[in-house]
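Printed here is final_5.cif (mmCIF, C-alpha atoms):
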data_protein
loop_
_atom_site.label_atom_id
_atom_site.label_comp_id
_atom_site.auth_asym_id
_atom_site.auth_seq_id
_atom_site.Cartn_x
_atom_site.Cartn_y
_atom_site.Cartn_z
CA MET A 11 -22.07 16.85 200.09
CA GLY A 12 -23.60 17.91 203.48
CA SER A 13 -22.73 16.67 206.95
CA GLU A 14 -24.89 14.35 209.06
CA ASP A 15 -26.25 17.35 211.02
CA ASP A 16 -27.37 19.00 207.78
CA ARG A 17 -29.31 15.90 206.76
CA LEU A 18 -31.00 15.74 210.15
CA ARG A 19 -31.91 19.40 210.00
CA LYS A 20 -33.73 19.23 206.64
CA PRO A 21 -36.90 17.42 207.83
CA SER A 22 -37.18 19.86 210.71
CA GLN A 23 -36.96 22.83 208.33
CA GLN A 24 -39.63 21.35 206.09
CA SER A 25 -41.92 20.80 209.07
CA THR A 26 -41.46 24.42 210.17
CA THR A 27 -42.30 25.68 206.68
CA MET A 28 -45.47 23.56 206.59
CA ARG A 29 -46.62 24.90 209.97
CA THR A 30 -46.04 28.48 208.79
CA LYS A 31 -48.15 27.92 205.68
CA LEU A 32 -50.97 26.42 207.77
CA LYS A 33 -50.91 29.42 210.12
CA ILE A 34 -51.15 31.82 207.15
CA LEU A 35 -54.06 29.82 205.67
CA LEU A 36 -55.87 29.85 209.04
CA LEU A 37 -55.36 33.60 209.36
CA ILE A 38 -56.81 34.21 205.86
CA VAL A 39 -59.87 32.02 206.54
CA SER A 40 -60.50 33.73 209.89
CA THR A 41 -60.22 37.18 208.33
CA ASN A 42 -62.71 36.30 205.61
CA ILE A 43 -65.22 34.92 208.15
CA ILE A 44 -64.99 38.10 210.24
CA SER A 45 -65.45 40.24 207.09
CA ILE A 46 -68.62 38.32 206.17
CA TYR A 47 -70.05 38.97 209.63
CA LEU A 48 -69.15 42.63 209.51
CA PHE A 49 -70.94 43.36 206.23
CA SER A 50 -73.82 40.86 206.24
CA GLY A 51 -76.04 42.63 208.80
CA THR A 52 -76.70 45.88 210.65
CA VAL A 53 -75.26 44.79 213.97
CA LEU A 54 -73.21 41.78 214.92
CA ASN A 55 -74.96 40.27 217.95
CA ILE A 56 -73.20 37.49 219.80
CA ASN A 57 -74.42 35.86 223.01
CA TRP A 58 -71.74 37.28 225.18
CA PRO A 59 -71.75 36.77 228.97
CA GLU A 60 -73.72 39.52 230.78
CA ASN A 61 -70.62 41.17 232.18
CA ALA A 62 -68.69 41.02 228.83
CA PRO A 63 -68.26 44.20 226.75
CA ARG A 64 -70.59 44.60 223.72
CA ILE A 65 -69.21 45.25 220.20
CA HIS A 66 -71.40 47.40 217.94
CA LEU A 67 -70.45 47.49 214.22
CA TRP A 68 -71.44 49.90 211.43
CA ASP A 69 -74.61 49.55 209.45
CA SER A 70 -73.62 48.43 205.90
CA GLU A 71 -75.97 51.00 204.30
CA ARG A 72 -74.51 53.77 206.43
CA LEU A 73 -71.03 52.62 205.44
CA LEU A 74 -71.96 52.79 201.75
CA ARG A 75 -73.32 56.32 202.20
CA GLU A 76 -70.08 57.34 203.88
CA LEU A 77 -68.04 55.79 201.08
CA ASN A 78 -70.13 57.48 198.36
CA LEU A 79 -69.78 60.85 200.08
CA THR A 80 -66.02 60.37 200.36
CA ARG A 81 -65.83 59.33 196.71
CA TYR A 82 -67.76 62.45 195.65
CA LYS A 83 -65.44 64.70 197.65
CA LEU A 84 -62.37 63.00 196.15
CA SER A 85 -63.80 63.36 192.62
CA HIS A 86 -64.51 67.04 193.19
CA ALA A 87 -61.02 67.57 194.58
CA GLN A 88 -59.47 65.71 191.62
CA SER A 89 -61.43 67.85 189.16
CA SER A 90 -60.32 71.05 190.90
CA LEU A 91 -56.73 69.80 190.91
CA SER A 92 -56.92 68.95 187.19
CA ASN A 93 -58.22 72.45 186.37
CA LEU A 94 -55.46 73.97 188.46
CA GLU A 95 -52.83 71.84 186.70
CA SER A 96 -54.20 72.89 183.31
CA LYS A 97 -54.04 76.58 184.24
CA CYS A 98 -50.53 76.17 185.62
CA ALA A 99 -49.42 74.35 182.45
CA THR A 100 -50.83 77.13 180.26
CA SER A 101 -49.15 79.80 182.38
CA SER A 102 -45.89 77.84 182.32
CA ALA A 103 -46.00 77.48 178.53
CA LEU A 104 -46.67 81.19 178.07
CA LEU A 105 -43.88 82.05 180.48
CA GLU A 106 -41.44 79.70 178.73
CA THR A 107 -42.33 81.21 175.35
CA LEU A 108 -41.86 84.72 176.74
CA LEU A 109 -38.49 83.83 178.28
CA THR A 110 -37.38 82.16 175.05
CA GLU A 111 -38.32 85.20 173.01
CA LEU A 112 -36.50 87.47 175.47
CA GLY A 113 -33.48 85.20 175.21
CA ARG A 114 -33.54 85.42 171.42
CA VAL A 115 -33.77 89.21 171.58
CA HIS A 116 -30.73 89.31 173.87
CA GLY A 117 -28.84 86.78 171.75
CA ASP A 118 -28.93 83.98 174.31
CA LYS A 119 -28.22 80.52 172.97
CA ALA A 120 -31.09 78.04 173.26
CA VAL A 121 -30.71 75.18 175.70
CA SER A 122 -30.83 71.67 174.23
CA ASP A 123 -34.20 70.00 174.63
CA GLU A 124 -32.97 66.45 175.15
CA LEU A 125 -36.29 65.20 176.48
CA ASN A 126 -38.22 65.50 173.22
CA GLY A 127 -35.33 64.69 170.92
CA TRP A 128 -34.96 68.12 169.33
CA PRO A 129 -31.38 69.38 169.08
CA ASP A 130 -32.37 72.91 170.14
CA GLU A 131 -35.10 74.38 172.29
CA LEU A 132 -38.40 74.94 170.55
CA PHE A 133 -40.20 78.25 170.44
CA GLY A 134 -43.14 79.96 168.78
CA GLU A 135 -45.50 78.00 166.54
CA LEU A 136 -43.24 74.93 166.39
CA LYS A 137 -43.27 74.64 170.18
CA LEU A 138 -47.07 74.79 170.22
CA ALA A 139 -47.35 72.32 167.33
CA ALA A 140 -44.93 69.82 168.90
CA GLY A 141 -46.59 69.79 172.33
CA PRO A 142 -47.25 68.01 174.58
CA HIS A 143 -50.52 69.54 175.78
CA LYS A 144 -52.35 68.70 179.00
CA LEU A 145 -55.73 67.05 178.51
CA PRO A 146 -58.53 69.28 179.89
CA LEU A 147 -60.16 66.32 181.67
CA GLY A 148 -56.92 64.91 183.00
CA PHE A 149 -55.67 61.35 182.74
CA THR A 150 -57.40 59.02 180.29
CA SER A 151 -56.93 55.28 180.09
CA ASN A 152 -57.39 55.39 176.30
CA ILE A 153 -53.87 56.76 175.84
CA GLY A 154 -52.51 56.05 179.32
CA SER A 155 -51.53 59.65 179.96
CA ASP A 156 -52.78 63.10 180.92
CA GLU A 157 -50.92 64.63 177.97
CA LEU A 158 -51.48 64.61 174.22
CA TYR A 159 -48.59 64.74 171.75
CA PRO A 160 -49.45 65.99 168.25
CA THR A 161 -48.44 63.54 165.52
CA MET A 162 -45.23 64.52 163.75
CA GLY A 163 -42.68 62.58 161.71
CA MET A 164 -39.55 61.47 163.58
CA GLY A 165 -37.44 62.85 160.75
CA CYS A 166 -38.58 66.38 161.60
CA ARG A 167 -36.09 66.40 164.47
CA ASN A 168 -33.22 65.81 162.04
CA PHE A 169 -34.04 68.95 160.07
CA GLN A 170 -35.01 71.44 162.74
CA PRO A 171 -33.91 74.60 160.84
CA GLU A 172 -36.09 73.61 157.87
CA VAL A 173 -39.03 72.78 160.15
CA ILE A 174 -38.63 76.16 161.87
CA GLU A 175 -38.75 77.81 158.45
CA TYR A 176 -41.87 75.81 157.57
CA MET A 177 -43.50 76.89 160.85
CA THR A 178 -42.68 80.57 160.37
CA TYR A 179 -45.89 82.34 159.36
CA GLU A 180 -48.53 84.71 160.69
CA PRO A 181 -51.16 82.71 162.61
CA GLY A 182 -54.63 83.10 161.17
CA GLN A 183 -53.34 84.59 157.92
CA GLU A 184 -52.47 83.13 154.51
CA CYS A 185 -49.86 80.35 154.52
CA PRO A 186 -46.59 80.87 152.66
CA SER A 187 -46.47 79.43 149.14
CA ASP A 188 -44.06 76.65 150.09
CA ASP A 189 -45.58 73.45 148.66
CA VAL A 190 -42.32 72.25 147.11
CA PHE A 191 -40.35 72.99 150.27
CA ALA A 192 -42.96 71.20 152.41
CA GLN A 193 -43.03 68.11 150.19
CA ARG A 194 -39.23 67.92 150.27
CA LEU A 195 -39.43 67.88 154.08
CA MET A 196 -41.92 65.00 153.85
CA LEU A 197 -39.55 63.02 151.63
CA LYS A 198 -36.78 63.54 154.21
CA GLY A 199 -38.89 61.72 156.78
CA CYS A 200 -40.68 64.70 158.33
CA GLU A 201 -43.99 63.01 157.64
CA PRO A 202 -46.54 63.87 158.69
CA LEU A 203 -45.63 67.53 158.80
CA PRO A 204 -46.64 69.51 161.88
CA ARG A 205 -50.01 71.20 161.69
CA ARG A 206 -50.11 74.94 160.98
CA ARG A 207 -52.53 77.68 161.98
CA CYS A 208 -52.68 79.41 158.61
CA LYS A 209 -54.92 79.23 155.53
CA PRO A 210 -53.61 78.02 152.15
CA LYS A 211 -54.01 80.33 149.21
CA SER A 212 -57.25 79.82 147.28
CA PRO A 213 -57.50 80.01 143.47
CA LYS A 214 -59.39 82.91 141.94
CA ASN A 215 -62.48 82.33 139.79
CA TYR A 216 -62.92 78.83 141.21
CA VAL A 217 -65.87 76.90 139.77
CA GLU A 218 -67.69 73.87 141.14
CA PRO A 219 -66.36 70.50 139.89
CA ASP A 220 -68.20 68.32 137.40
CA ALA A 221 -70.36 65.48 138.61
CA VAL A 222 -69.36 61.82 138.46
CA PRO A 223 -69.15 59.99 136.07
CA ALA A 224 -68.50 62.86 133.63
CA SER A 225 -65.63 64.10 135.82
CA LEU A 226 -63.72 60.80 135.62
CA TRP A 227 -62.28 61.49 132.17
CA LYS A 228 -62.44 65.27 131.93
CA ILE A 229 -59.61 67.81 132.34
CA PRO A 230 -60.62 70.34 135.03
CA PRO A 231 -60.46 74.11 134.41
CA ASP A 232 -57.15 75.88 135.04
CA SER A 233 -58.82 78.02 137.71
CA SER A 234 -59.29 74.98 139.96
CA ILE A 235 -55.80 75.14 141.53
CA ILE A 236 -52.88 77.42 142.45
CA TRP A 237 -50.08 77.00 139.88
CA ASP A 238 -47.28 78.70 141.85
CA PRO A 239 -45.33 75.50 142.76
CA TYR A 240 -45.22 74.05 139.23
CA THR A 241 -43.27 74.61 136.01
CA CYS A 242 -46.46 74.34 133.95
CA LYS A 243 -49.02 77.07 134.58
CA ASN A 244 -52.03 75.35 133.00
CA TYR A 245 -53.37 71.88 132.20
CA THR A 246 -52.68 72.23 128.47
CA CYS A 247 -48.97 72.38 129.30
CA LEU A 248 -49.25 69.26 131.46
CA VAL A 249 -51.17 67.32 128.81
CA ASN A 250 -48.56 68.16 126.17
CA ARG A 251 -45.65 67.37 128.48
CA GLY A 252 -45.80 63.74 127.39
CA LYS A 253 -44.53 64.80 123.97
CA ALA A 254 -41.86 67.16 125.29
CA LYS A 255 -38.20 66.39 125.88
CA GLY A 256 -36.95 65.80 129.40
CA SER A 257 -37.74 63.50 132.27
CA TYR A 258 -40.85 64.01 134.38
CA ASP A 259 -42.64 61.88 136.92
CA CYS A 260 -45.59 60.12 135.24
CA LYS A 261 -44.87 62.14 132.12
CA ASP A 262 -48.07 61.45 130.15
CA CYS A 263 -50.46 60.86 133.06
CA PHE A 264 -52.41 64.09 132.52
CA ASP A 265 -53.32 63.16 128.94
CA LEU A 266 -56.59 61.35 129.57
CA ARG A 267 -57.16 60.75 125.85
CA GLY A 268 -53.82 58.98 125.40
CA ARG A 269 -52.40 55.89 127.03
CA GLU A 270 -54.32 56.52 130.27
CA LYS A 271 -57.59 55.83 128.45
CA VAL A 272 -56.71 52.21 127.59
CA ARG A 273 -54.73 51.10 130.65
CA TRP A 274 -55.89 47.85 132.34
CA LEU A 275 -58.54 47.14 129.68
CA ILE A 276 -56.57 44.49 127.76
CA ASP A 277 -55.04 41.30 129.20
CA ASN A 278 -52.24 39.92 127.04
CA GLY A 279 -51.62 36.90 129.26
CA LYS A 280 -48.20 38.23 130.12
CA LEU A 281 -47.21 41.43 131.94
CA ASP A 282 -50.43 43.31 131.17
CA PHE A 283 -53.32 42.19 133.40
CA SER A 284 -56.83 43.52 132.82
CA ILE A 285 -58.98 44.76 135.67
CA ASP A 286 -61.86 42.51 134.67
CA ASN A 287 -59.71 39.35 134.71
CA VAL A 288 -58.24 40.30 138.07
CA LEU A 289 -61.74 40.78 139.51
CA LYS A 290 -62.80 37.39 138.14
CA SER A 291 -60.19 35.74 140.36
CA LYS A 292 -62.46 36.45 143.36
CA PRO A 293 -66.19 35.87 143.93
CA ALA A 294 -68.30 38.60 142.34
CA GLY A 295 -68.75 41.67 144.51
CA THR A 296 -66.08 40.79 147.08
CA ILE A 297 -63.58 43.38 145.82
CA ARG A 298 -65.11 46.64 147.11
CA ILE A 299 -62.42 48.93 148.56
CA GLY A 300 -58.69 49.30 148.07
CA LEU A 301 -55.56 51.38 147.61
CA ASP A 302 -53.47 52.34 144.59
CA ILE A 303 -49.90 53.13 145.73
CA GLY A 304 -48.29 55.86 143.64
CA GLY A 305 -51.30 56.04 141.36
CA GLY A 306 -50.29 59.09 139.32
CA THR A 307 -53.41 61.00 138.30
CA GLY A 308 -55.87 58.33 139.49
CA SER A 309 -56.79 56.48 136.29
CA PHE A 310 -56.71 53.07 138.01
CA ALA A 311 -59.15 54.39 140.62
CA ALA A 312 -61.33 55.82 137.83
CA ARG A 313 -61.55 52.45 136.08
CA MET A 314 -62.42 50.76 139.37
CA ARG A 315 -65.01 53.45 140.13
CA GLU A 316 -66.74 52.50 136.87
CA ARG A 317 -67.08 49.03 138.44
CA ASN A 318 -68.47 50.40 141.73
CA ILE A 319 -65.17 49.82 143.57
CA THR A 320 -63.73 52.58 145.76
CA ILE A 321 -59.97 53.07 145.48
CA VAL A 322 -57.88 55.57 147.46
CA THR A 323 -54.92 56.83 145.40
CA SER A 324 -51.65 57.81 147.07
CA SER A 325 -49.59 60.29 145.07
CA MET A 326 -46.97 63.01 145.43
CA ASN A 327 -47.03 66.38 143.64
CA PHE A 328 -43.78 66.07 141.68
CA ASP A 329 -43.86 69.24 139.55
CA GLY A 330 -47.56 68.72 138.92
CA PRO A 331 -50.86 68.95 140.85
CA PHE A 332 -51.40 65.19 140.99
CA ASN A 333 -53.50 65.20 144.17
CA ASN A 334 -55.70 68.07 142.98
CA PHE A 335 -56.19 66.37 139.63
CA ILE A 336 -57.27 63.12 141.30
CA ALA A 337 -59.76 65.03 143.46
CA SER A 338 -61.14 66.90 140.42
CA ARG A 339 -62.04 63.52 138.92
CA GLY A 340 -64.24 62.75 141.93
CA LEU A 341 -61.69 60.34 143.42
CA VAL A 342 -59.91 60.23 146.78
CA PRO A 343 -56.25 61.37 146.84
CA LEU A 344 -53.82 60.56 149.65
CA HIS A 345 -50.72 62.77 149.86
CA ILE A 346 -48.16 60.41 151.43
CA SER A 347 -44.77 59.11 150.36
CA ILE A 348 -43.80 55.50 149.74
CA ALA A 349 -41.97 55.48 153.10
CA HIS A 350 -45.12 56.34 155.07
CA ARG A 351 -46.90 53.62 157.05
CA LEU A 352 -50.18 52.95 155.30
CA PRO A 353 -52.90 54.85 157.24
CA PHE A 354 -55.30 51.91 157.46
CA ALA A 355 -56.17 49.45 160.20
CA ASP A 356 -55.12 45.81 159.96
CA GLY A 357 -57.04 43.60 157.56
CA VAL A 358 -59.47 46.12 156.04
CA LEU A 359 -58.70 46.39 152.29
CA ASP A 360 -59.84 44.05 149.53
CA ILE A 361 -57.12 45.03 147.06
CA VAL A 362 -53.85 46.96 146.90
CA HIS A 363 -52.38 47.90 143.50
CA SER A 364 -49.07 49.47 142.62
CA MET A 365 -47.60 50.16 139.18
CA HIS A 366 -43.95 51.16 138.64
CA VAL A 367 -43.58 52.92 142.01
CA LEU A 368 -42.54 49.83 143.94
CA SER A 369 -39.27 48.86 142.28
CA ASN A 370 -35.55 48.42 142.86
CA TRP A 371 -34.90 52.11 143.55
CA ILE A 372 -36.20 51.46 147.09
CA PRO A 373 -33.60 50.14 149.60
CA ASP A 374 -34.10 46.43 150.21
CA THR A 375 -34.97 46.77 153.90
CA MET A 376 -37.52 49.53 153.28
CA PHE A 377 -39.01 47.49 150.44
CA GLU A 378 -39.50 44.52 152.75
CA PHE A 379 -41.16 46.75 155.37
CA ALA A 380 -43.46 48.12 152.65
CA LEU A 381 -44.51 44.63 151.55
CA TYR A 382 -45.28 43.59 155.12
CA ASP A 383 -47.33 46.78 155.51
CA ILE A 384 -49.35 45.87 152.41
CA TYR A 385 -49.86 42.38 153.81
CA ARG A 386 -51.01 43.97 157.09
CA VAL A 387 -53.78 46.14 155.60
CA LEU A 388 -55.18 43.43 153.32
CA ARG A 389 -57.99 41.28 154.65
CA PRO A 390 -57.63 37.48 154.46
CA GLY A 391 -58.17 36.62 150.82
CA GLY A 392 -57.32 40.18 149.76
CA LEU A 393 -55.32 40.78 146.57
CA PHE A 394 -52.00 42.53 146.02
CA TRP A 395 -51.62 43.45 142.35
CA LEU A 396 -47.94 44.19 141.69
CA ASP A 397 -47.98 45.83 138.27
CA HIS A 398 -44.74 46.08 136.23
CA PHE A 399 -42.28 45.87 139.10
CA PHE A 400 -38.84 46.83 137.74
CA CYS A 401 -35.53 45.18 138.66
CA LEU A 402 -32.32 43.87 137.16
CA GLY A 403 -31.93 40.25 136.12
CA ASN A 404 -29.41 39.42 138.84
CA GLN A 405 -31.79 40.83 141.48
CA LEU A 406 -34.83 38.87 140.40
CA ASN A 407 -34.10 35.47 141.96
CA SER A 408 -31.44 36.53 144.46
CA THR A 409 -33.31 39.40 146.15
CA TYR A 410 -36.97 39.82 145.29
CA VAL A 411 -38.41 36.33 144.78
CA PRO A 412 -37.14 35.22 148.24
CA VAL A 413 -38.72 38.30 149.84
CA PHE A 414 -42.15 37.55 148.36
CA ASP A 415 -41.86 33.91 149.40
CA LYS A 416 -40.86 34.87 152.95
CA ILE A 417 -43.85 37.16 153.46
CA GLY A 418 -46.24 34.38 152.55
CA PHE A 419 -48.40 35.64 149.71
CA LYS A 420 -50.12 33.01 147.60
CA LYS A 421 -49.31 33.39 143.89
CA VAL A 422 -52.50 33.62 141.82
CA ARG A 423 -50.68 34.94 138.74
CA TRP A 424 -46.96 35.55 138.23
CA HIS A 425 -45.16 36.67 135.11
CA ALA A 426 -41.61 37.94 134.60
CA GLY A 427 -40.59 39.50 131.29
CA ARG A 428 -37.70 41.38 129.76
CA LYS A 429 -37.79 45.18 129.57
CA LEU A 430 -36.31 45.82 126.12
CA ASP A 431 -36.89 49.52 125.42
CA ARG A 432 -33.29 50.39 126.43
CA GLY A 433 -31.68 47.32 124.86
CA ILE A 434 -31.35 43.64 125.73
CA GLU A 435 -27.83 44.14 127.10
CA LYS A 436 -29.23 46.08 130.06
CA ASN A 437 -30.71 42.86 131.51
CA GLU A 438 -33.72 44.76 132.84
CA TRP A 439 -36.87 42.91 133.91
CA TYR A 440 -40.48 43.50 134.83
CA ILE A 441 -42.58 41.41 137.20
CA SER A 442 -46.37 41.49 137.14
CA ALA A 443 -47.99 39.43 139.86
CA LEU A 444 -51.37 38.88 141.44
CA LEU A 445 -50.82 37.76 145.03
CA GLU A 446 -53.36 36.72 147.62
CA LYS A 447 -53.18 37.00 151.40
CA PRO A 448 -53.90 33.49 152.70
CA MET A 449 -57.16 32.61 154.45
CA TYR A 450 -56.19 30.42 157.40
#
Output the file's structure as structure tokens, nothing else.
Amino acid sequence: MGSEDDRLRKPSQQSTTMRTKLKILLLIVSTNIISIYLFSGTVLNINWPENAPRIHLWDSERLLRELNLTRYKLSHAQSSLSNLESKCATSSALLETLLTELGRVHGDKAVSDELNGWPDELFGELKLAAGPHKLPLGFTSNIGSDELYPTMGMGCRNFQPEVIEYMTYEPGQECPSDDVFAQRLMLKGCEPLPRRRCKPKSPKNYVEPDAVPASLWKIPPDSSIIWDPYTCKNYTCLVNRGKAKGSYDCKDCFDLRGREKVRWLIDNGKLDFSIDNVLKSKPAGTIRIGLDIGGGTGSFAARMRERNITIVTSSMNFDGPFNNFIASRGLVPLHISIAHRLPFADGVLDIVHSMHVLSNWIPDTMFEFALYDIYRVLRPGGLFWLDHFFCLGNQLNSTYVPVFDKIGFKKVRWHAGRKLDRGIEKNEWYISALLEKPMY
């Protein structure tokens, strides 16, 4: 509680505050009135007494000319300064590279580059690829900077020795034959890989591809690719691999006359959905573009192409030229891993399909991120076709059903069935679902 003097002082303080605010308001109004007079005419003429001093103000047009001239000079100075900064940055980068190389020759230990997150100082091609690089025209509001950082996976910094090996080549010459090594780096999180200034090896006796639609179901010639990274050295070997012993990714995908030929044509009302029945769930013609995640050799995209629907197929080259094979069929391959953020803007795809690839081998948190990413790229009313998702019985209701419910897909079709090829005691399950992004 305050004293009697405090209570008496409060009204006085409030009155003082009010007077201060009124003074400030009066000052602002007066300033604005004077400004209007200054810029509304050539000369401010007031009927002063004869012996009073006269005040002559600037002509507004003259003032604008002065301002434009000043602006031009500042722009010219800024351009000259930007060019000077660019030249200095180039000289500095060359000097740093030279000093680094001299240090390596003399056995000096590299200094840690804490700023960019690399454990050791960068040099050579990796330093150039990692950037940053000064923009020739200086600062741009589009990126909020005067520098441009090349895109590179965060995981690259965790495997710097391997990235250095990947970036060791002769600029302008043929790239090393390191496809398997490069893909392994991608799977470690170094995705996308840094760009390189070398040219990949080209196959000899290359022939032009067949035209669509004949190319959709035709094996390309062996001379269409480089076989160095793969166990098989021709397409005959890959086609017959489905009958061979051993485990391979998408083992029979290259046999276009086998199971690939009949996929998605028959709807059994259970786990197997047909493309035509899925398309009937939406108004005719509204499914136009989409993505097949982990689409093997592109047969889903081929079937959709026959229905005038464009599908991009993501695939990895696991001991086989999956991406090249997809391209040879006249389809669009996308060489990214399941961990990669989908390279599409929000709400642009009509359909996303995935068969077998999305399953319980993916850590739960990463799986949830992947589902939200699929939800992101689908337009309102777009379809997510989850095709033969594999999990164990105890995971079905405890882990995966709650995740789908949380994300908010609408269930158009949903079927869970036992996977019995390894025995009923394994308690293995498949889920096939057709999910729709809500239209609010």
* **Hits of the PyMOL selection byres ((chain A and resi 388) around 6) in this structure, as number ranges by chain** => A: 357-359, 385-387, 389, 392
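Coordinates place atom CA of A:Arg207 at a distance of 18.9 Å from atom CA of A:Pro171.
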* Asked: What is the distance, in Å and to one decimal place, between atom CA of A:Thr320 and atom CA of A:Leu445?
  -> 19.7 Å
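For the set A:Cys208, A:Val362, A:Met449, A:Val272, the residue with the smallest atom-to-atom gap to A:Lys420 is A:Met449, counting only C-alpha atoms.
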* Residue neighbourhood A:Cys200, 7 Å, only C-alpha atoms, exclusion window fewer than 6 positions, as a list in words -> Gly163, Met164, Gly165 and Cys166 of chain A
* To do: Identify all residues satisfying the PyMOL selection byres ((chain A and resi 264) around 9) in the given file; provide them as an NGL selection string.
  => :A and (229 or 245 or 248-252 or 260-263 or 265-268 or 270 or 306-307 or 332 or 335)
Mind dumping the selected residues with C-alpha atoms as a short mmCIF file (atom, residue, chain, number, x, y, z; two decimals), in the frame of the given file?
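Result written to part01.cif:
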data_model
loop_
_atom_site.label_atom_id
_atom_site.label_comp_id
_atom_site.auth_asym_id
_atom_site.auth_seq_id
_atom_site.Cartn_x
_atom_site.Cartn_y
_atom_site.Cartn_z
CA ILE A 229 -59.61 67.81 132.34
CA TYR A 245 -53.37 71.88 132.20
CA LEU A 248 -49.25 69.26 131.46
CA VAL A 249 -51.17 67.32 128.81
CA ASN A 250 -48.56 68.16 126.17
CA ARG A 251 -45.65 67.37 128.48
CA GLY A 252 -45.80 63.74 127.39
CA CYS A 260 -45.59 60.12 135.24
CA LYS A 261 -44.87 62.14 132.12
CA ASP A 262 -48.07 61.45 130.15
CA CYS A 263 -50.46 60.86 133.06
CA ASP A 265 -53.32 63.16 128.94
CA LEU A 266 -56.59 61.35 129.57
CA ARG A 267 -57.16 60.75 125.85
CA GLY A 268 -53.82 58.98 125.40
CA GLU A 270 -54.32 56.52 130.27
CA GLY A 306 -50.29 59.09 139.32
CA THR A 307 -53.41 61.00 138.30
CA PHE A 332 -51.40 65.19 140.99
CA PHE A 335 -56.19 66.37 139.63
#
* Asked: Nearest to A:Arg273: which of A:Ala312, A:Ala349, A:Met326, A:Val367 is it, counting only C-alpha atoms?
  ->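 Of A:Ala312, A:Ala349, A:Met326, A:Val367, the one nearest A:Arg273, counting only C-alpha atoms, is A:Ala312.
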* Matched chain/residue IDs from the PyMOL selection byres ((chain A and resi 288-300) around 7), as JSON, numbers by chain -> {"A": [284, 285, 286, 287, 301, 302, 319, 320, 321, 322, 359, 360, 361, 362]}
* To do: For A:Val190, list every protein, DNA or RNA residue within 12 Å, evaluated using all atoms listed in the file, and leave out those in the same chain fewer than 4 positions away; present the list as a list of chain:residue names.
  =>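 The residues satisfying every condition are A:Tyr176, A:Pro186, A:Arg194, A:Leu195, A:Met196, A:Leu197, A:Trp237, A:Asp238, A:Pro239, A:Tyr240, A:Thr241, A:Met326, A:Asn327, A:Phe328, A:Asp329, A:Gly330, A:Pro331.
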* Asked: When distances are computed from all atoms listed in the file, which of A:Gln170, A:Asn334, A:Ser90, A:Gln193 shows the smallest separation from A:Gly148?
  ->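 Nearest candidate to A:Gly148 out of A:Gln170, A:Asn334, A:Ser90, A:Gln193: A:Ser90.
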* To do: To one decimal in Å, tell me the separation between atom CA of A:Ile417 and atom CA of A:His350.
  => 19.3 Å
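Using all atoms listed in the file, the shortest contact distance between A:Met314 and any of A:Pro412, A:Pro373, A:Pro230, A:Pro223 is found at A:Pro223.
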* To do: May I ask which of the residues A:Thr178, A:Asn318, A:Ser155, A:Ser324 is the closest one to A:Pro353, counting all atoms listed in the file?
  =>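 Of all the options, A:Ser324 lies closest to A:Pro353.
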